[in-house]
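Worksheet for the structure shown next.
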Amino acid sequence: MKEVNLKISENKPLTENVYKMTLDGDVSEIKKSGQFINIKIDGLFLRRPISVYDKENGKVTVIYKVVGEGTEKMSEMTAGKELNVLTGLGNGFDTSVSGSNPVVIGGGVGIPPMYLLAKELKAEGKQVTAILGFNRKSEIFAQAEFEKICDKVIVTTADGSFGIKGFVTDALDFEYTYTYCCGPLPMLKAVYEKTVTSGQYSFEERMGCGFGACMGCSCKTKYGNKRICKDGPVLVKEEIIW
Amino acid sequence: MKAADLRVTLCGTELDNPVIPASGTFGFGYEMSEIYDINVLGSIALKGTTKDARFGNPTPRIAECREGMINSVGLQNPGVEEVIKTELPRLRNVFRKKAIANISGFSIDEYAYCSSLFDREDSIGWLEINISCPNVHDGGMSFGVSESSAAEVTKAVKAVTSKPVFIKLSPNVTDIVSIAKACEAAGADGISLINTLLGMRIDLKTGKPVIANKMGGFSGRAIKPVAIRMVYQVYEAVKIPIIGMGGIATAEDVIEMMMAGATAVQVGAENLVNPYACPEIIADLPRVMKKYCITKLSDITGRAH
C-alpha cells in the first residue's frame, strides 16, 4: 500500500452512467491486475475503492459506474484535479496458473479489471478469449480495447440487442484451460457452476478501510475467514463458499 | 521554550506520547508496520478478542455517514488462544512497546478466562475490557448498561490479573457517570470511553437498512463532541485515569480530549480513512502544543475543569 496524490488527466463518460478516469502520478505500488485503488473524495468520510482497468508508467486508469454519492462526485471531477489515493490494494490475479488458453469473463462494471489481466496474459504469450456481458447494446464499453489485445472477444447482452443473446455463460461453448471472472454475484456463481476448469473470481463488498484493518468486508472461505480488501478481492475457485 | 514533552503515564507505565490506535481499527498492529514504524505510537489497542473464534455479523457491515461511519463487524477474531499463539508473536516482531489487549465476552466467566490468559503475556501492558460493543446481541454491551453488571465484570477480571484494567464504556446509556463510578468502586484501574453510538442508515433505493444487521456503531469525527462531554463528566466523578476516544482526527483533538480529562487518547475511525493518521498526529503535536504554550502534555489532563 502507498498513499499518493494523483492528478486527473481525463474523466469522460463511456456510456450513460459509466465513466473512464485516468490519473497521473506515482502508480509504482500497483503490481498486478485485479488490484484496486481507494480514492478520497471531498465531503465524504470513507474512501471509494475502484478496481484498476489499466496501468502504464506514471498512469492508472479506472472505469466506474455512477451508483451512489461517491461515484456521482467522481463523475463531476475535471482534468487537473488532484486526488489522494491509496494504491496497490488487494491481492490481484495470479497469471502463472492460467495454462495456454485462459478465458477472462467480465460482467458490467466487473469488466474493467479483466483488461489489465488480459494484457498481462498476452504478454506471457497466452491465447486469451474474453467474454464481456452487458444488459443491452447501449451499455457496452471497452469492447474495441479488448479486441485490440485479445485473440477473441465475445459480447453477450441479456436482451439480445448485440452479440449473443443471454448471459456470459451462454458463450462458454469452447475449450479453455483456466477461468478468470469478475462481475455481479449471480454471474460469478453461474460461471463457477458452468466452468469445468479451476479459476479465480474477483469479489466485491462494502469496505471500511480497504487495507485490512477494520474487518468490515470479511467473508467465509474453505481456507478460513478472509478480508475481501486484503486477502482478496480475488479468491480461487477451490476456496469459495457461496 | 523547552522542547515539547509528549510523555504521559498510564497506571505507572510511561508512554512516549498519548496517541494509541483504537481497538478494531488497527487489527493486531503488525500489518501496519508495512507502511510505517509503529514504534512511534504510544501503544496499540488490539482487535477485540473473545474466548472462541468469531466470524462476526453478516455483510454488508459498513455504512458511510456524514463525517463518520457505521460498522457492524461484530467482534470478528480468531479466539484468545489463537491471538496469543499467532498474533502476539507477530506483533512482538515489529513492536517493542507494551500493547493493550481488548477483551469481550458473553459471560462473566469468558471475560475472566481471556483476562487470565492475557495476564501471562509480557507484551501486554494493560487490559481493556469492552462491556460496550453495540454489535453483538447479549455480548458486551449487555454488561455495560447497568452499574451492577459493569461492577461484576470488573471484579471478576481484577481477580485474575495483576495488569491494570481499563473498562471500556458505552455511550448508549442513560447515565455514564454512575457506571464509571461503579467500575471504579469495583476496582477498575482506569476507564476507556467512548465506544460507538448505536446508529442506522437506510438505502433510499431499497428502502431497507444499509447494514445487514440493521444497526451498528457510529463513529468518526462527527461523534467528538459527545465523547468530549462524556470524558469531561466522568473525569469529574472518578479518580482513576481515563483513555479518551471518539472522533479524534488531529493533534488539536488530542489536546481537547486531554483537557476534558483524558490521560491518553485513542484514534479510531480516522485510521480507516487515513492509515497514517496516528503518526501524523504525533508529529504535529509539538507544533500545536507550542501554539497553546504547552510544554508538558501531561500537565493539561483535566485542564477544562
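To be explicit about the labels: the chains of the C-alpha cells are called A, B, and onward in the order shown, and within each one the residues are counted from 1, while ligands get numbers from 1 in the order they are shown.
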
Would you list, as a count of residues only, the residues of range 46-225 of chain B that end up in strand (DSSP E or B) under DSSP run on this structure's backbone?
42

What are the residues of chain B lining chain A at 10 Å or less? Count only C-alpha atoms, and put the answer as a VMD selection string.
chain B and resid 23 to 29 31 to 32 34 to 35 47 54 to 78 210 to 211 220 to 221 268 to 276

List as a PDB file with C-alpha atoms, in the first residue's frame the protein and nucleic acid residues near range 107-114 of chain A, meaning an atom at most 9 Å away when only C-alpha atoms are counted, but skip any in the same chain fewer than 4 places from it.
ATOM      1  CA  VAL A  18     -20.103   4.545 -16.909  1.00  0.00           C
ATOM      2  CA  SER A  33      -4.205  -6.774 -12.397  1.00  0.00           C
ATOM      3  CA  GLY A  34      -7.156  -7.315 -10.065  1.00  0.00           C
ATOM      4  CA  GLN A  35      -5.809  -4.846  -7.510  1.00  0.00           C
ATOM      5  CA  PHE A  36      -7.724  -1.698  -6.648  1.00  0.00           C
ATOM      6  CA  SER A  51     -10.597  -1.591  -9.493  1.00  0.00           C
ATOM      7  CA  VAL A  52      -7.722  -0.867 -11.856  1.00  0.00           C
ATOM      8  CA  TYR A  53      -8.591  -1.042 -15.571  1.00  0.00           C
ATOM      9  CA  ASP A  54      -5.148  -0.249 -16.949  1.00  0.00           C
ATOM     10  CA  VAL A  62     -10.211   3.195 -13.776  1.00  0.00           C
ATOM     11  CA  ILE A  63     -13.656   2.632 -15.242  1.00  0.00           C
ATOM     12  CA  TYR A  64     -16.532   3.168 -12.809  1.00  0.00           C
ATOM     13  CA  LYS A  65     -20.312   3.238 -12.842  1.00  0.00           C
ATOM     14  CA  ALA A 118      -5.791  -9.843 -20.457  1.00  0.00           C
ATOM     15  CA  LYS A 119      -2.810  -7.619 -21.227  1.00  0.00           C
ATOM     16  CA  ALA A 130     -12.639 -12.521 -23.418  1.00  0.00           C
ATOM     17  CA  ILE A 131     -16.365 -12.748 -22.740  1.00  0.00           C
ATOM     18  CA  LEU A 132     -17.966  -9.406 -21.931  1.00  0.00           C
ATOM     19  CA  GLY A 133     -21.523  -9.422 -20.607  1.00  0.00           C
ATOM     20  CA  PHE A 134     -23.894  -6.449 -20.676  1.00  0.00           C
ATOM     21  CA  ASN A 135     -27.626  -5.896 -20.234  1.00  0.00           C
ATOM     22  CA  GLU A 139     -24.317  -0.198 -22.080  1.00  0.00           C
ATOM     23  CA  ILE A 140     -21.382  -1.698 -23.996  1.00  0.00           C
ATOM     24  CA  PHE A 141     -17.954  -0.199 -23.266  1.00  0.00           C
ATOM     25  CA  ALA A 142     -14.296  -1.175 -23.789  1.00  0.00           C
ATOM     26  CA  PHE A 167     -25.586 -14.311 -20.193  1.00  0.00           C
ATOM     27  CA  VAL A 168     -21.811 -14.786 -20.277  1.00  0.00           C
ATOM     28  CA  TYR A 180     -10.883 -15.597 -14.612  1.00  0.00           C
ATOM     29  CA  CYS A 181     -14.115 -13.838 -13.658  1.00  0.00           C
ATOM     30  CA  CYS A 182     -15.390 -10.562 -12.229  1.00  0.00           C
ATOM     31  CA  GLY A 183     -18.972  -9.345 -12.100  1.00  0.00           C
ATOM     32  CA  PRO A 184     -22.160  -9.370 -10.049  1.00  0.00           C
ATOM     33  CA  MET A 187     -22.848 -14.105 -12.546  1.00  0.00           C
ATOM     34  CA  LEU A 188     -19.832 -15.276 -10.543  1.00  0.00           C
ATOM     35  CA  SER A 202     -12.957 -11.296  -8.001  1.00  0.00           C
TER      36      SER A 202
END

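Going from CA of Gln266 in chain B over to CA of Ile20 in chain B, you cover 4.6 Å.
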
Between CA of Lys237 in chain A and CA of Lys194 in chain A, measure the distance and give it in Å to one decimal.
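Taking CA of Lys237 in chain A and CA of Lys194 in chain A, their separation equals 12.1 Å.
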
One decimal place gives the CA of Glu204 in chain A-CA of Ile202 in chain B separation as 20.1 Å

Residue set, range 16-214 of chain A restricted to helix (DSSP H, G or I), as number ranges by chain:
A: 69-75, 95-97, 108-110, 112-123, 137-139, 143-149, 168-171, 185-194

Identify, on the basis of only C-alpha atoms, every residue whose closest approach to range 119-125 of chain B does not exceed 9 Å; exclude the query and any residue fewer than 6 positions from it along the same chain; express the result as a PyMOL selection string.
chain B and resi 13+84+88-89+91-92+96-101+160-164

Requested write-out: N, CA, C and O atoms of the selected residues, as an mmCIF file, in the first residue's frame:
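Writing the result to selection-v8.cif gives the following:
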data_model
loop_
_atom_site.group_PDB
_atom_site.id
_atom_site.type_symbol
_atom_site.label_atom_id
_atom_site.label_comp_id
_atom_site.auth_asym_id
_atom_site.auth_seq_id
_atom_site.Cartn_x
_atom_site.Cartn_y
_atom_site.Cartn_z
ATOM 1 N N THR B 13 3.014 3.115 33.934
ATOM 2 C CA THR B 13 3.878 2.872 32.770
ATOM 3 C C THR B 13 3.926 4.120 31.903
ATOM 4 O O THR B 13 2.877 4.676 31.547
ATOM 5 N N ILE B 84 -3.070 -15.283 21.122
ATOM 6 C CA ILE B 84 -1.829 -15.361 21.909
ATOM 7 C C ILE B 84 -0.769 -16.189 21.187
ATOM 8 O O ILE B 84 0.412 -15.846 21.186
ATOM 9 N N LEU B 88 0.072 -12.281 18.709
ATOM 10 C CA LEU B 88 1.001 -11.559 19.592
ATOM 11 C C LEU B 88 2.466 -11.736 19.184
ATOM 12 O O LEU B 88 3.227 -10.763 19.176
ATOM 13 N N PRO B 89 2.919 -12.969 18.831
ATOM 14 C CA PRO B 89 4.311 -13.087 18.373
ATOM 15 C C PRO B 89 4.601 -12.250 17.133
ATOM 16 O O PRO B 89 5.679 -11.660 17.012
ATOM 17 N N LEU B 91 3.168 -9.445 16.357
ATOM 18 C CA LEU B 91 3.257 -8.056 16.804
ATOM 19 C C LEU B 91 4.596 -7.806 17.496
ATOM 20 O O LEU B 91 5.249 -6.784 17.259
ATOM 21 N N ARG B 92 5.007 -8.757 18.344
ATOM 22 C CA ARG B 92 6.276 -8.604 19.083
ATOM 23 C C ARG B 92 7.468 -8.434 18.136
ATOM 24 O O ARG B 92 8.429 -7.753 18.472
ATOM 25 N N ARG B 96 8.089 -2.892 19.913
ATOM 26 C CA ARG B 96 8.884 -3.095 21.119
ATOM 27 C C ARG B 96 8.139 -2.696 22.392
ATOM 28 O O ARG B 96 8.580 -2.999 23.486
ATOM 29 N N LYS B 97 7.020 -1.977 22.242
ATOM 30 C CA LYS B 97 6.337 -1.451 23.428
ATOM 31 C C LYS B 97 5.238 -2.404 23.891
ATOM 32 O O LYS B 97 4.912 -3.367 23.199
ATOM 33 N N LYS B 98 4.649 -2.091 25.013
ATOM 34 C CA LYS B 98 3.555 -2.919 25.505
ATOM 35 C C LYS B 98 2.243 -2.499 24.847
ATOM 36 O O LYS B 98 1.995 -1.318 24.619
ATOM 37 N N ALA B 99 1.423 -3.500 24.513
ATOM 38 C CA ALA B 99 0.143 -3.247 23.856
ATOM 39 C C ALA B 99 -1.006 -3.408 24.855
ATOM 40 O O ALA B 99 -0.822 -3.908 25.966
ATOM 41 N N ILE B 100 -2.182 -2.959 24.414
ATOM 42 C CA ILE B 100 -3.394 -3.077 25.232
ATOM 43 C C ILE B 100 -4.237 -4.215 24.656
ATOM 44 O O ILE B 100 -4.651 -4.158 23.497
ATOM 45 N N ALA B 101 -4.490 -5.246 25.450
ATOM 46 C CA ALA B 101 -5.386 -6.319 24.999
ATOM 47 C C ALA B 101 -6.815 -5.848 25.193
ATOM 48 O O ALA B 101 -7.160 -5.284 26.235
ATOM 49 N N VAL B 160 -8.313 -11.988 38.442
ATOM 50 C CA VAL B 160 -7.445 -12.924 37.721
ATOM 51 C C VAL B 160 -6.232 -12.240 37.071
ATOM 52 O O VAL B 160 -5.481 -12.889 36.356
ATOM 53 N N THR B 161 -6.072 -10.960 37.288
ATOM 54 C CA THR B 161 -4.919 -10.296 36.639
ATOM 55 C C THR B 161 -4.258 -9.289 37.568
ATOM 56 O O THR B 161 -4.927 -8.682 38.422
ATOM 57 N N SER B 162 -2.971 -9.135 37.363
ATOM 58 C CA SER B 162 -2.257 -8.096 38.101
ATOM 59 C C SER B 162 -1.980 -6.905 37.197
ATOM 60 O O SER B 162 -1.409 -5.907 37.617
ATOM 61 N N LYS B 163 -2.372 -7.005 35.917
ATOM 62 C CA LYS B 163 -2.182 -5.882 34.994
ATOM 63 C C LYS B 163 -3.284 -4.837 35.230
ATOM 64 O O LYS B 163 -4.390 -5.182 35.647
ATOM 65 N N PRO B 164 -2.995 -3.579 34.901
ATOM 66 C CA PRO B 164 -4.029 -2.551 35.043
ATOM 67 C C PRO B 164 -5.234 -2.848 34.136
ATOM 68 O O PRO B 164 -5.041 -3.231 32.980
#

Which polymer residues have any atom within 9 Å of an atom of Ala182 in chain B, counting only C-alpha atoms, with same-chain residues fewer than 5 positions away left out, as a short mmCIF file (atom, residue, chain, number, x, y, z; two decimals) with all heavy atoms, in the first residue's frame?
data_model
loop_
_atom_site.label_atom_id
_atom_site.label_comp_id
_atom_site.auth_asym_id
_atom_site.auth_seq_id
_atom_site.Cartn_x
_atom_site.Cartn_y
_atom_site.Cartn_z
N GLU B 147 -25.04 -0.60 36.32
CA GLU B 147 -23.94 -0.46 37.29
C GLU B 147 -23.55 -1.80 37.87
O GLU B 147 -22.36 -2.10 38.02
CB GLU B 147 -24.37 0.47 38.44
CG GLU B 147 -24.62 1.90 38.00
CD GLU B 147 -25.45 2.66 39.02
OE1 GLU B 147 -25.11 2.60 40.23
OE2 GLU B 147 -26.43 3.31 38.63
N SER B 148 -24.55 -2.63 38.18
CA SER B 148 -24.24 -3.88 38.88
C SER B 148 -23.48 -4.84 37.97
O SER B 148 -22.49 -5.45 38.39
CB SER B 148 -25.52 -4.53 39.40
OG SER B 148 -26.40 -4.76 38.32
N ALA B 150 -21.67 -4.08 35.27
CA ALA B 150 -20.36 -3.50 34.97
C ALA B 150 -19.40 -3.77 36.13
O ALA B 150 -18.24 -4.13 35.94
CB ALA B 150 -20.49 -2.00 34.73
N ALA B 151 -19.90 -3.63 37.34
CA ALA B 151 -19.08 -3.89 38.53
C ALA B 151 -18.72 -5.37 38.64
O ALA B 151 -17.59 -5.72 39.01
CB ALA B 151 -19.83 -3.44 39.78
N VAL B 177 -21.89 8.30 33.99
CA VAL B 177 -21.13 8.62 35.20
C VAL B 177 -21.34 7.55 36.28
O VAL B 177 -20.39 7.09 36.91
CB VAL B 177 -21.51 10.02 35.73
CG1 VAL B 177 -20.91 10.27 37.11
CG2 VAL B 177 -21.04 11.09 34.75
N GLY B 187 -12.95 -1.71 41.55
CA GLY B 187 -11.51 -1.95 41.46
C GLY B 187 -10.87 -1.64 40.13
O GLY B 187 -9.68 -1.91 39.95
N ALA B 188 -11.62 -1.08 39.18
CA ALA B 188 -11.03 -0.75 37.87
C ALA B 188 -9.86 0.23 38.05
O ALA B 188 -9.90 1.10 38.91
CB ALA B 188 -12.08 -0.14 36.95
#

So, with only C-alpha atoms as the atoms that count, which of B:Met215, B:Val267, B:Ile281, B:Cys133 lies closest to Phe106 in chain B?
B:Cys133
